[in-house]
$ cat data.txt   # compact mmCIF, C-alpha atoms
# COMPACT_ATOMS: atom_id res chain seq x y z
CA MET K 1 -25.01 124.35 37.75
CA SER K 2 -23.25 121.74 35.65
CA THR K 3 -25.33 118.61 35.25
CA THR K 4 -22.21 116.47 35.70
CA LYS K 5 -22.31 117.37 39.41
CA LEU K 6 -25.83 116.03 39.76
CA SER K 7 -26.77 112.48 40.61
CA PRO K 8 -28.49 110.33 37.95
CA LEU K 9 -31.77 110.77 39.86
CA GLU K 10 -31.44 114.56 39.89
CA ARG K 11 -30.56 114.62 36.17
CA ALA K 12 -33.54 112.38 35.43
CA ARG K 13 -35.83 114.74 37.34
CA LEU K 14 -34.59 117.67 35.24
CA TYR K 15 -35.29 115.62 32.12
CA VAL K 16 -38.83 114.80 33.26
CA GLN K 17 -39.56 118.45 34.04
CA LYS K 18 -38.90 119.29 30.38
CA CYS K 19 -41.20 116.54 29.05
CA SER K 20 -44.79 117.21 28.04
CA GLY K 21 -47.55 115.12 29.58
CA ALA K 22 -49.32 112.34 27.75
CA ILE K 23 -52.66 113.30 26.22
CA SER K 24 -55.44 110.83 25.55
CA GLY K 25 -55.92 110.25 21.83
CA GLN K 26 -52.41 111.46 20.99
CA ARG K 27 -50.49 108.20 21.45
CA GLY K 28 -50.48 108.70 25.22
CA HIS K 29 -49.56 105.06 25.90
CA ASP K 30 -46.47 105.25 23.67
CA VAL K 31 -45.36 108.54 25.21
CA THR K 32 -45.73 107.17 28.74
CA PHE K 33 -43.89 103.94 27.96
CA GLY K 34 -41.11 105.92 26.23
CA ILE K 35 -40.50 108.11 29.27
CA ALA K 36 -40.48 105.07 31.57
CA CYS K 37 -37.82 103.47 29.32
CA LYS K 38 -35.71 106.65 29.30
CA LEU K 39 -35.78 106.85 33.08
CA TYR K 40 -35.13 103.18 33.82
CA GLN K 41 -32.75 102.41 30.96
CA GLY K 42 -31.31 105.78 29.92
CA PHE K 43 -30.62 107.12 33.42
CA ALA K 44 -30.17 103.65 34.95
CA LEU K 45 -32.66 104.33 37.75
CA SER K 46 -34.17 101.71 40.01
CA ILE K 47 -37.79 100.70 39.54
CA GLU K 48 -38.73 102.62 42.70
CA ASP K 49 -37.02 105.84 41.57
CA THR K 50 -38.44 105.49 38.07
CA LEU K 51 -41.95 105.14 39.50
CA ALA K 52 -41.43 108.13 41.81
CA LEU K 53 -40.50 110.38 38.86
CA MET K 54 -43.36 108.98 36.78
CA ARG K 55 -45.75 110.05 39.52
CA GLU K 56 -44.37 113.60 39.36
CA TRP K 57 -44.66 113.67 35.56
CA ASN K 58 -48.19 112.26 35.77
CA ALA K 59 -49.47 115.65 36.99
CA LEU K 60 -49.04 116.91 33.41
CA CYS K 61 -51.04 114.10 31.79
CA GLN K 62 -54.62 114.49 30.53
CA PRO K 63 -56.19 112.52 32.07
CA ARG K 64 -53.80 111.39 34.77
CA TRP K 65 -52.77 107.76 34.82
CA LYS K 66 -53.93 105.58 37.68
CA GLU K 67 -51.26 104.26 40.03
CA LYS K 68 -51.58 100.68 38.80
CA GLN K 69 -51.21 101.87 35.18
CA LEU K 70 -47.99 103.69 36.00
CA ARG K 71 -46.65 100.63 37.79
CA HIS K 72 -47.51 98.51 34.77
CA LYS K 73 -45.62 100.85 32.40
CA VAL K 74 -42.53 100.87 34.62
CA ARG K 75 -42.52 97.09 34.94
CA ASP K 76 -42.84 96.73 31.17
CA ALA K 77 -39.92 99.14 30.69
CA ALA K 78 -37.79 97.08 33.06
CA LYS K 79 -38.72 93.80 31.37
CA ARG K 80 -37.88 95.07 27.90
CA ALA K 81 -34.59 96.74 28.88
CA ARG K 82 -31.69 95.57 26.71
CA GLY K 83 -28.00 96.43 26.54
CA GLN K 84 -25.98 98.83 28.66
CA ARG K 85 -28.00 100.95 31.07
CA GLY K 86 -27.17 104.62 31.56
CA PHE K 87 -26.80 105.73 27.93
CA LEU K 88 -28.12 109.21 28.85
CA LEU K 89 -25.41 109.69 31.44
CA GLY K 90 -22.02 111.25 30.72
CA PRO K 91 -19.11 109.04 29.56
CA GLY K 92 -17.33 109.39 32.86
CA GLU K 93 -20.36 108.63 34.98
CA LYS K 94 -21.05 105.26 36.46
CA ALA K 95 -24.42 103.80 35.69
CA GLN K 96 -26.54 103.24 38.77
CA LYS K 97 -27.10 99.59 39.53
CA PRO K 98 -30.61 98.67 40.57
CA ARG K 99 -30.80 98.48 44.35
CA ARG K 100 -31.63 95.06 45.68
CA ARG K 101 -34.97 95.30 47.37
CA SER K 102 -35.34 94.03 50.90
CA ARG K 103 -37.85 91.37 51.86
CA ALA K 104 -39.80 94.00 53.81
CA GLU K 105 -40.11 96.20 50.71
CA ILE K 106 -41.25 93.27 48.58
CA ASP K 107 -43.81 92.21 51.20
CA ALA K 108 -45.06 95.80 51.54
CA GLU K 109 -45.51 96.09 47.75
CA ARG K 110 -47.38 92.79 47.62
CA ALA K 111 -49.61 93.87 50.51
CA GLU K 112 -50.34 97.17 48.75
CA MET K 113 -51.21 95.37 45.51
CA HIS K 114 -53.47 92.98 47.43
CA CYS K 115 -55.29 95.93 49.05
CA ARG K 116 -55.76 97.65 45.69
CA ARG K 117 -57.13 94.45 44.15
CA LEU K 118 -59.60 94.05 47.04
CA GLU K 119 -60.84 97.63 46.69
CA ALA K 120 -61.19 97.30 42.92
CA ARG K 121 -63.02 93.98 43.26
CA ALA K 122 -65.40 95.44 45.86
CA ALA K 123 -66.13 98.46 43.67
CA SER K 124 -66.84 96.29 40.63
CA SER K 125 -69.07 94.00 42.74
CA LEU K 126 -71.12 96.72 44.44
CA ALA K 127 -73.95 96.71 41.90
CA TYR K 128 -74.23 92.92 42.18
CA ILE K 129 -74.15 93.05 45.99
CA LEU K 130 -76.94 95.64 46.08
CA LYS K 131 -79.08 93.60 43.67
CA GLU K 132 -78.59 90.16 45.21
CA ASN K 133 -78.90 91.30 48.84
CA ARG K 134 -81.71 93.79 48.41
CA CYS K 135 -82.98 94.83 51.84
CA THR K 136 -84.65 97.83 53.52
CA PRO K 137 -84.76 99.27 57.06
CA ASP K 138 -88.33 97.98 57.40
CA ASP K 139 -87.12 94.47 56.54
CA PHE K 140 -84.57 94.64 59.35
CA MET K 141 -87.12 96.08 61.75
CA ARG K 142 -89.45 93.12 61.10
CA GLU K 143 -86.57 90.65 61.36
CA SER K 144 -85.08 92.08 64.58
CA PRO K 145 -84.62 89.29 67.18
CA PHE K 146 -85.51 91.82 69.88
CA ARG K 147 -89.01 93.07 69.20
CA LEU K 148 -88.65 96.83 68.74
CA TRP K 149 -92.32 97.51 67.99
CA GLY K 150 -94.02 98.76 71.15
CA HIS K 151 -91.12 98.16 73.57
CA THR K 152 -90.96 100.36 76.67
CA GLU K 153 -87.26 100.13 77.59
CA PRO K 154 -85.01 103.14 76.79
CA GLU K 155 -83.17 102.45 73.56
CA THR K 156 -79.86 103.71 74.95
CA GLY K 157 -80.02 101.03 77.61
CA LEU K 158 -80.94 98.37 75.06
CA LEU K 159 -77.79 99.02 73.02
CA LEU K 160 -75.65 99.07 76.16
CA GLN K 161 -76.76 95.51 76.86
CA LEU K 162 -74.49 94.39 74.05
CA HIS K 163 -71.67 95.09 76.53
CA ARG K 164 -70.95 93.49 79.90
CA PRO K 165 -72.23 95.17 83.10
CA GLU K 166 -68.68 95.95 84.27
CA ASP K 167 -67.52 97.44 80.93
CA VAL K 168 -66.56 101.14 81.02
CA ILE K 169 -68.40 102.89 78.17
CA TRP K 170 -68.07 106.46 76.93
CA ILE K 171 -71.20 108.48 76.12
CA GLY K 172 -71.17 112.17 75.30
CA ASN K 173 -70.73 114.68 72.50
CA GLN K 174 -67.86 115.60 70.21
CA PHE K 175 -65.88 117.53 72.82
CA SER K 176 -66.77 115.44 75.88
CA SER K 177 -63.23 114.14 76.26
CA GLY K 178 -59.73 115.11 77.29
CA LYS K 179 -60.16 116.92 80.62
CA PRO K 180 -60.52 115.50 84.15
CA GLU K 181 -64.07 116.84 84.36
CA HIS K 182 -64.98 114.58 81.45
CA ALA K 183 -64.64 111.52 83.67
CA ILE K 184 -68.44 111.65 84.13
CA HIS K 185 -68.73 110.44 80.51
CA PHE K 186 -66.88 107.20 81.33
CA ARG K 187 -69.06 104.87 83.39
CA THR K 188 -69.76 101.18 83.62
CA VAL K 189 -72.78 99.77 81.83
CA GLU K 190 -74.34 99.06 85.23
CA GLN K 191 -73.93 102.71 86.21
CA TRP K 192 -75.35 103.96 82.89
CA LEU K 193 -78.40 101.73 83.31
CA THR K 194 -78.93 103.09 86.83
CA GLN K 195 -78.33 106.72 85.84
CA PRO K 196 -79.15 107.10 82.11
CA PRO K 197 -77.22 109.78 80.17
CA PRO K 198 -78.97 113.04 79.25
CA GLU K 199 -80.78 112.74 75.93
CA HIS K 200 -78.61 115.46 74.37
CA TRP K 201 -75.51 113.23 74.63
CA GLU K 202 -75.61 111.88 71.08
CA LEU K 203 -72.48 109.73 70.72
CA THR K 204 -70.91 106.58 72.09
CA CYS K 205 -68.05 104.31 71.09
CA PRO K 206 -68.16 100.58 70.23
CA ALA K 207 -65.22 99.98 72.55
CA THR K 208 -64.58 99.61 76.26
CA PHE K 209 -62.19 101.90 78.14
CA LYS K 210 -59.77 101.55 81.03
CA PRO K 211 -61.22 102.40 84.45
CA GLY K 212 -60.40 105.97 85.43
CA SER K 213 -60.30 107.26 81.85
CA PHE K 214 -61.33 110.81 81.04
CA SER K 215 -60.01 110.94 77.47
CA ARG K 216 -61.54 109.06 74.53
CA CYS K 217 -58.24 108.16 72.87
CA ASP K 218 -56.83 104.94 71.42
CA GLU K 219 -54.40 104.57 74.32
CA ASN K 220 -57.30 104.29 76.78
CA VAL K 221 -59.22 101.67 74.77
CA LEU K 222 -59.30 98.37 76.62
CA GLU K 223 -61.10 96.32 73.96
CA LYS K 224 -63.12 96.87 70.81
CA ARG K 225 -65.68 94.09 70.42
CA PHE K 226 -67.78 95.63 67.66
CA LEU K 227 -67.18 96.90 64.16
CA VAL K 228 -69.48 99.73 63.03
CA MET K 229 -70.22 100.41 59.37
CA GLU K 230 -71.84 103.43 57.70
CA SER K 231 -71.95 105.24 54.37
CA ASP K 232 -72.57 108.87 53.49
CA ASP K 233 -72.87 108.00 49.80
CA LEU K 234 -75.31 105.07 49.76
CA ASN K 235 -78.98 105.60 50.57
CA ARG K 236 -80.62 103.69 53.43
CA ASP K 237 -81.88 100.81 51.31
CA GLN K 238 -78.47 100.41 49.72
CA ILE K 239 -76.53 100.37 52.99
CA CYS K 240 -79.04 97.83 54.33
CA SER K 241 -78.19 95.66 51.34
CA VAL K 242 -74.50 95.97 52.20
CA PHE K 243 -75.29 95.05 55.82
CA GLN K 244 -77.15 92.00 54.55
CA TRP K 245 -74.14 90.94 52.49
CA CYS K 246 -71.79 91.46 55.45
CA ARG K 247 -73.91 89.09 57.54
CA LYS K 248 -72.41 86.25 55.51
CA PHE K 249 -69.12 86.64 57.41
CA MET K 250 -69.98 88.83 60.45
CA ARG K 251 -72.81 88.70 62.98
CA LEU K 252 -75.07 91.75 62.88
CA ARG K 253 -75.92 92.99 66.36
CA ALA K 254 -77.64 96.34 65.86
CA ILE K 255 -78.64 98.98 63.32
CA VAL K 256 -79.01 102.58 64.49
CA ASN K 257 -80.96 105.22 62.59
CA THR K 258 -78.75 108.30 63.05
CA ALA K 259 -81.68 110.71 62.42
CA GLY K 260 -79.66 111.91 59.45
CA LYS K 261 -79.30 110.23 56.08
CA SER K 262 -77.18 107.30 57.26
CA LEU K 263 -77.53 104.12 59.28
CA HIS K 264 -74.89 102.60 61.58
CA GLY K 265 -74.54 98.82 61.51
CA TRP K 266 -72.97 97.16 64.57
CA PHE K 267 -71.27 93.80 63.93
CA ASP K 268 -69.38 91.46 66.23
CA LYS K 269 -65.76 92.25 65.52
CA PRO K 270 -64.34 89.68 63.09
CA SER K 271 -60.80 88.31 63.01
CA PRO K 272 -57.87 90.75 62.65
CA GLU K 273 -57.30 89.40 59.12
CA THR K 274 -60.88 90.24 58.12
CA VAL K 275 -60.61 93.72 59.66
CA GLU K 276 -57.49 94.41 57.59
CA GLU K 277 -59.23 93.28 54.42
CA LEU K 278 -62.21 95.48 55.25
CA ARG K 279 -59.91 98.51 55.29
CA SER K 280 -59.54 97.94 51.55
CA ILE K 281 -63.03 96.62 50.82
CA LEU K 282 -65.09 99.34 52.52
CA PRO K 283 -64.00 102.23 50.23
CA GLY K 284 -64.94 100.07 47.23
CA LEU K 285 -68.38 99.61 48.77
CA GLN K 286 -68.65 103.40 49.29
CA CYS K 287 -68.51 102.92 53.07
CA ASP K 288 -66.55 104.98 55.57
CA LYS K 289 -63.56 103.08 56.97
CA SER K 290 -62.88 105.71 59.66
CA LEU K 291 -65.13 103.79 62.07
CA LEU K 292 -62.53 101.01 62.07
CA ALA K 293 -60.42 103.25 64.30
CA LEU K 294 -60.33 102.13 67.93
CA SER K 295 -61.95 105.17 69.53
CA GLN K 296 -64.01 106.61 66.66
CA PRO K 297 -67.44 107.69 67.98
CA CYS K 298 -70.80 106.75 66.49
CA ARG K 299 -74.46 107.59 67.12
CA ILE K 300 -76.29 106.13 70.11
CA PRO K 301 -80.03 105.33 69.96
CA GLY K 302 -82.40 107.14 72.26
CA ALA K 303 -80.56 110.46 72.06
CA TRP K 304 -82.16 113.60 70.65
CA ARG K 305 -80.22 114.95 67.66
CA ALA K 306 -80.64 118.69 67.92
CA ASP K 307 -79.40 119.61 64.43
CA LYS K 308 -81.97 117.27 62.83
CA LYS K 309 -84.69 117.80 65.45
CA ALA K 310 -85.23 114.07 65.56
CA ARG K 311 -84.44 111.11 67.80
CA GLN K 312 -81.82 108.48 66.99
CA ARG K 313 -83.56 105.10 66.95
CA LEU K 314 -82.86 101.39 66.86
CA VAL K 315 -83.82 99.60 63.66
CA TYR K 316 -82.46 96.15 64.55
CA LEU K 317 -81.17 94.54 67.75
CA ASP K 318 -79.79 91.07 68.47
CA LEU K 319 -79.02 90.48 72.16
CA GLU K 320 -78.76 86.71 71.91
CA GLY K 321 -75.96 85.49 74.15
CA LYS K 322 -75.51 88.98 75.63
CA GLN K 323 -78.16 89.01 78.32
$ encode --input "data.txt" --output "structure tokens"
Amino acid sequence: MSTTKLSPLERARLYVQKCSGAISGQRGHDVTFGIACKLYQGFALSIEDTLALMREWNALCQPRWKEKQLRHKVRDAAKRARGQRGFLLGPGEKAQKPRRRSRAEIDAERAEMHCRRLEARAASSLAYILKENRCTPDDFMRESPFRLWGHTEPETGLLLQLHRPEDVIWIGNQFSSGKPEHAIHFRTVEQWLTQPPPEHWELTCPATFKPGSFSRCDENVLEKRFLVMESDDLNRDQICSVFQWCRKFMRLRAIVNTAGKSLHGWFDKPSPETVEELRSILPGLQCDKSLLALSQPCRIPGAWRADKKARQRLVYLDLEGKQ
């Protein structure tokens, strides 16, 4: 096919496919900047299209550039552009004018950059956070406002007291949802306290559901009052240190020993702005952000975890203002 029938973007993609990747120690920065200049200036592409092709070319680089590094190269190429754009296009072709970005696109890019900065800052601060907020499960057990040593109440019922008596709470296992017969897993706190769930029902959800629900889905969530944090990468002492740091801007309500390697920390749900920032911060702290989802399940204390042959237990509980 004649290249004159192709758009500038398609011709630029063919050009990139013939380029070798940048290799560390072999003037990789110069090579990368040169290709960015060719795409933006030579083929008269927009910044967005230039970045898109740079991402494709990045698969050939050793090592691959990080996203923010690619963005930096493209911005530098645009800033240093001089003279007529489109010098790699044919004489009869019209150089592509940069598309004016909409306010929504600009705001989205700024939001993305803000999220990346938050994650990078959290990752670089993790060692400091662990050192300055050093804490262990035993420390939280001793500090627990509700005395957990020697108590006689079922631990499942203790955690449920964080909710209101009329709240509809789901308790069950991974597949205890989606069919009409699963309605037995959706009961009010008052009903659960009267008829406790079987000990082999290992999971709950830090949200309340609409009356009559039989499916644990986001559409049936009435309200989520708690934010649950966990990490599969940090050890128990380390995640306790993260919990301790989080107490500076969120109230800790409970810590659940999952009978596995992780702990679940229950916090009063902060403002929507803080939740959005946590979506970026948690990965930097090596924590799982999936529990930010409305209906994501978590471990409930008092249940027997069959795969670990151990019981899920409370480590910390604060019922102040809940009883």
$ closest_atom_pairs --input "data.txt" --of "region 235-280 of chain K" --to "region 158-182 of chain K" --cutoff "10 Å" --atoms "only C-alpha atoms" --output "tab-separated table"
residue	atom	partner	partner_atom	distance
K:Arg253	CA	K:Leu162	CA	7.9
K:Ala254	CA	K:Leu159	CA	7.6
K:Ile255	CA	K:Leu159	CA	9.7
K:Val256	CA	K:Leu159	CA	9.3
K:Trp266	CA	K:Leu159	CA	9.9
K:Asp268	CA	K:Leu162	CA	9.8
$ closest_residue --input "data.txt" --among "K:Glu48, K:Pro196, K:Glu153, K:Gln62" --to "Ile184 (chain K)" --atoms "all atoms listed in the file"
K:Pro196
$ closest_residue --input "data.txt" --among "K:Arg236, K:His264, K:Arg311, K:Arg251" --to "Asp139 (chain K)" --atoms "all atoms listed in the file"
K:Arg236
$ atom_distance --input "data.txt" --atom1 "CA of Cys115 (chain K)" --atom2 "CA of Leu263 (chain K)"
25.8 Å
$ atom_distance --input "data.txt" --atom1 "CA of Phe243 (chain K)" --atom2 "CA of Gly265 (chain K)"
6.9 Å
$ closest_residue --input "data.txt" --among "K:Pro197, K:Leu222, K:Ala306, K:Leu51" --to "Gly157 (chain K)" --atoms "only C-alpha atoms"
K:Pro197
